[in-house]
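For reference, the structure discussed in these notes is given below.
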Amino acid sequence: MQAEADLPDRPAPAIEGIAYFTVSELLQGELHLAVRVVDHPGGRLRVLLQLPHPLREPGQPAAPGRGRPAAAVVALLAVLKAGAGYTLLDPEFPAERVAGVLAEAGVRTVVTRTGLSDAISASAPGVSAVCVDALADAPSAVMARVRDVRDVCDVRANDVACVMFTSGSTGRPKGVATSHRALLGTYLGQDYADFGPGEVFLQCSPVSWDGFALELFGALLHGATCVLQPGQSPEPIGIERLVAEHGVTMLQLSASLFNHLVDEYPDAFRGVRIAFTGGEAGSVAHVAKILQLFPDLHVGNGYGPVESMGFTTCHTVTTDGLTGTQLPIGRPIGNKRAYVVDDNLRLVPAGVAGELYVSGAGLARGYVNRAGLTAERFVACPFGAPGE
């Protein structure tokens, strides 16, 4: 990401209808805030980002409590720069959900805006807040105190970068502690998508979904453009419009949203080079339909649990391969591995049912504050190096 700042300025995140920011502008903003987070009591601990109101130019309407503002991207990058880990919080979450996330993730500091911090104080009196709109120092004053980005902190590969929560469909949501190694290992050295400065990613996944990271870091780590969809939930008609207006080249969609767009908003795929379906079983019929409409579209069927930082395997769908009733989940992506084993963790022959075990760079450190469950689920890999 830092290396991208040395390239000619190009748009990074774009907020629909609001503003464009270059990579260097994002880095200047993140470094300013990173210094403040480090200086703040409890700054180099786990930090929660409460998505603030959108930035807006004079005369443009505000959407209180909604939006995917560039200020949130700056805050997220600043937290990482400060050596802390982040977890994302929607301001529209009910108070009980807010309190639960704060407690489960062990949050000590919230990066938010004035007006939203009161809800945090009410939910968790012991949690401190950094309000980005109330910082006293101008960016230039802070930058003068920092000679190099490495002066801010020393971050190690195994340090926690983010805590993402499982859906809770099988019980209480679990906080998954993901490292910097897992984050970078998922988006660097890959060929399951076109990563590069010529791509335009649409960030439309809910911020609590691990797909959020692909849409944001998949763009920023490679100097690409990331278009931030307004609101916290994907809107089909909005996706169709944003794709056309911003020349989006990459879409990541849940299988149900993918199917809905194919049926009702097929023009959402016009001009798109890569479209991923995942999160649930993909539909052979819908993939066949969209490939008939757009033969040059690259459709990928991705699979991976939160515990393995999003996509762990991926299958490129071709029209010749649409002969069965299910879409294959494919083979492991770069830096990750997957094994089908029996109850004794021995590999099973092809065609024999077993359990899927994953390993490699994307694997999380474990579940936050759940040592017993971590020991049960995160076991030694019999096919890896000692200690893996």
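Identifiers for the structure tokens are assigned positionally: chains receive A, B, ... in sequence, residues are indexed from 1 per chain, and ligands are indexed from 1 in the order shown.
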Give me, as a list in words, all polymer residues having an atom no more than 7 Å from range 274-283 of chain A, counting only C-alpha atoms and skipping those fewer than 3 positions away in the same chain. Thr249, Met250, Leu251, Gln252, Leu253, Ser254, Ala255, Phe258, His286, Val287, Leu297, His298, Val299, Gly300, Asn301, Gly302, Tyr303 and Leu327 of chain A
File dump, residues just selected, N, CA, C and O atoms, as a PDB file, in the first residue's frame:
```pdb
ATOM      1  N   THR A 249     -15.162  -3.219 -12.840  1.00  0.00           N
ATOM      2  CA  THR A 249     -14.677  -4.423 -13.522  1.00  0.00           C
ATOM      3  C   THR A 249     -14.775  -5.676 -12.668  1.00  0.00           C
ATOM      4  O   THR A 249     -14.633  -6.783 -13.175  1.00  0.00           O
ATOM      5  N   MET A 250     -14.967  -5.534 -11.339  1.00  0.00           N
ATOM      6  CA  MET A 250     -15.015  -6.695 -10.452  1.00  0.00           C
ATOM      7  C   MET A 250     -16.183  -6.586  -9.503  1.00  0.00           C
ATOM      8  O   MET A 250     -16.374  -5.578  -8.848  1.00  0.00           O
ATOM      9  N   LEU A 251     -16.994  -7.660  -9.452  1.00  0.00           N
ATOM     10  CA  LEU A 251     -18.119  -7.751  -8.530  1.00  0.00           C
ATOM     11  C   LEU A 251     -17.958  -8.991  -7.668  1.00  0.00           C
ATOM     12  O   LEU A 251     -17.577 -10.055  -8.159  1.00  0.00           O
ATOM     13  N   GLN A 252     -18.255  -8.846  -6.385  1.00  0.00           N
ATOM     14  CA  GLN A 252     -18.319  -9.995  -5.495  1.00  0.00           C
ATOM     15  C   GLN A 252     -19.716 -10.018  -4.889  1.00  0.00           C
ATOM     16  O   GLN A 252     -20.143  -9.037  -4.272  1.00  0.00           O
ATOM     17  N   LEU A 253     -20.424 -11.124  -5.055  1.00  0.00           N
ATOM     18  CA  LEU A 253     -21.836 -11.171  -4.692  1.00  0.00           C
ATOM     19  C   LEU A 253     -22.152 -12.486  -3.980  1.00  0.00           C
ATOM     20  O   LEU A 253     -21.603 -13.536  -4.334  1.00  0.00           O
ATOM     21  N   SER A 254     -23.033 -12.414  -3.013  1.00  0.00           N
ATOM     22  CA  SER A 254     -23.562 -13.656  -2.455  1.00  0.00           C
ATOM     23  C   SER A 254     -24.310 -14.372  -3.568  1.00  0.00           C
ATOM     24  O   SER A 254     -24.769 -13.750  -4.542  1.00  0.00           O
ATOM     25  N   ALA A 255     -24.459 -15.680  -3.443  1.00  0.00           N
ATOM     26  CA  ALA A 255     -25.129 -16.443  -4.497  1.00  0.00           C
ATOM     27  C   ALA A 255     -26.558 -15.957  -4.721  1.00  0.00           C
ATOM     28  O   ALA A 255     -27.026 -15.855  -5.862  1.00  0.00           O
ATOM     29  N   PHE A 258     -26.364 -12.640  -6.561  1.00  0.00           N
ATOM     30  CA  PHE A 258     -25.939 -12.940  -7.928  1.00  0.00           C
ATOM     31  C   PHE A 258     -27.135 -13.404  -8.754  1.00  0.00           C
ATOM     32  O   PHE A 258     -27.381 -12.905  -9.865  1.00  0.00           O
ATOM     33  N   HIS A 286     -28.252 -20.070 -13.228  1.00  0.00           N
ATOM     34  CA  HIS A 286     -28.033 -18.628 -13.297  1.00  0.00           C
ATOM     35  C   HIS A 286     -26.663 -18.292 -13.885  1.00  0.00           C
ATOM     36  O   HIS A 286     -26.526 -17.314 -14.634  1.00  0.00           O
ATOM     37  N   VAL A 287     -25.662 -19.088 -13.568  1.00  0.00           N
ATOM     38  CA  VAL A 287     -24.347 -18.861 -14.173  1.00  0.00           C
ATOM     39  C   VAL A 287     -24.416 -19.100 -15.676  1.00  0.00           C
ATOM     40  O   VAL A 287     -23.867 -18.328 -16.467  1.00  0.00           O
ATOM     41  N   LEU A 297     -17.475 -12.758 -19.816  1.00  0.00           N
ATOM     42  CA  LEU A 297     -17.445 -12.586 -18.365  1.00  0.00           C
ATOM     43  C   LEU A 297     -16.728 -13.767 -17.714  1.00  0.00           C
ATOM     44  O   LEU A 297     -16.972 -14.922 -18.062  1.00  0.00           O
ATOM     45  N   HIS A 298     -15.864 -13.457 -16.757  1.00  0.00           N
ATOM     46  CA  HIS A 298     -15.175 -14.481 -15.968  1.00  0.00           C
ATOM     47  C   HIS A 298     -15.980 -14.660 -14.683  1.00  0.00           C
ATOM     48  O   HIS A 298     -16.102 -13.725 -13.890  1.00  0.00           O
ATOM     49  N   VAL A 299     -16.560 -15.847 -14.476  1.00  0.00           N
ATOM     50  CA  VAL A 299     -17.349 -16.123 -13.274  1.00  0.00           C
ATOM     51  C   VAL A 299     -16.555 -17.070 -12.378  1.00  0.00           C
ATOM     52  O   VAL A 299     -16.125 -18.139 -12.816  1.00  0.00           O
ATOM     53  N   GLY A 300     -16.372 -16.662 -11.133  1.00  0.00           N
ATOM     54  CA  GLY A 300     -15.667 -17.495 -10.175  1.00  0.00           C
ATOM     55  C   GLY A 300     -16.588 -17.913  -9.046  1.00  0.00           C
ATOM     56  O   GLY A 300     -17.353 -17.093  -8.523  1.00  0.00           O
ATOM     57  N   ASN A 301     -16.556 -19.191  -8.692  1.00  0.00           N
ATOM     58  CA  ASN A 301     -17.323 -19.683  -7.550  1.00  0.00           C
ATOM     59  C   ASN A 301     -16.356 -19.852  -6.381  1.00  0.00           C
ATOM     60  O   ASN A 301     -15.503 -20.744  -6.397  1.00  0.00           O
ATOM     61  N   GLY A 302     -16.468 -18.972  -5.393  1.00  0.00           N
ATOM     62  CA  GLY A 302     -15.526 -18.969  -4.285  1.00  0.00           C
ATOM     63  C   GLY A 302     -16.096 -19.621  -3.042  1.00  0.00           C
ATOM     64  O   GLY A 302     -17.304 -19.587  -2.793  1.00  0.00           O
ATOM     65  N   TYR A 303     -15.205 -20.242  -2.278  1.00  0.00           N
ATOM     66  CA  TYR A 303     -15.607 -20.848  -1.011  1.00  0.00           C
ATOM     67  C   TYR A 303     -14.549 -20.541   0.042  1.00  0.00           C
ATOM     68  O   TYR A 303     -13.354 -20.538  -0.241  1.00  0.00           O
ATOM     69  N   LEU A 327     -22.071 -26.344  -8.702  1.00  0.00           N
ATOM     70  CA  LEU A 327     -20.823 -25.713  -9.107  1.00  0.00           C
ATOM     71  C   LEU A 327     -19.698 -26.208  -8.210  1.00  0.00           C
ATOM     72  O   LEU A 327     -19.824 -26.187  -6.985  1.00  0.00           O
TER      73      LEU A 327
END
```
Out of range 100-227 of chain A, which residues get strand (DSSP E or B) from DSSP, as a PyMOL selection string? chain A and resi 109-112+128-131+160-165+175-179+200-203+225-227
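Across the model, the gap from CA of Gly387 in chain A to CA of Met164 in chain A is 24.3 Å.
For range 248-278 of chain A, the set of residues given alpha helix (DSSP H) by DSSP on the backbone reads Ala255, Ser256, Leu257, Phe258, Asn259, His260, Leu261, Val262, Asp263 and Glu264 of chain A.
Going from CA of Gly231 in chain A over to CA of Glu92 in chain A, you cover 10.8 Å.
If you look at CA of Asp194 in chain A and CA of Phe217 in chain A, they are 13.1 Å away from each other.
The residue that comes closest to Ser167 in chain A, out of A:Leu216, A:Val306, A:Ala193, A:Glu240 and on the basis of only C-alpha atoms, is A:Val306.
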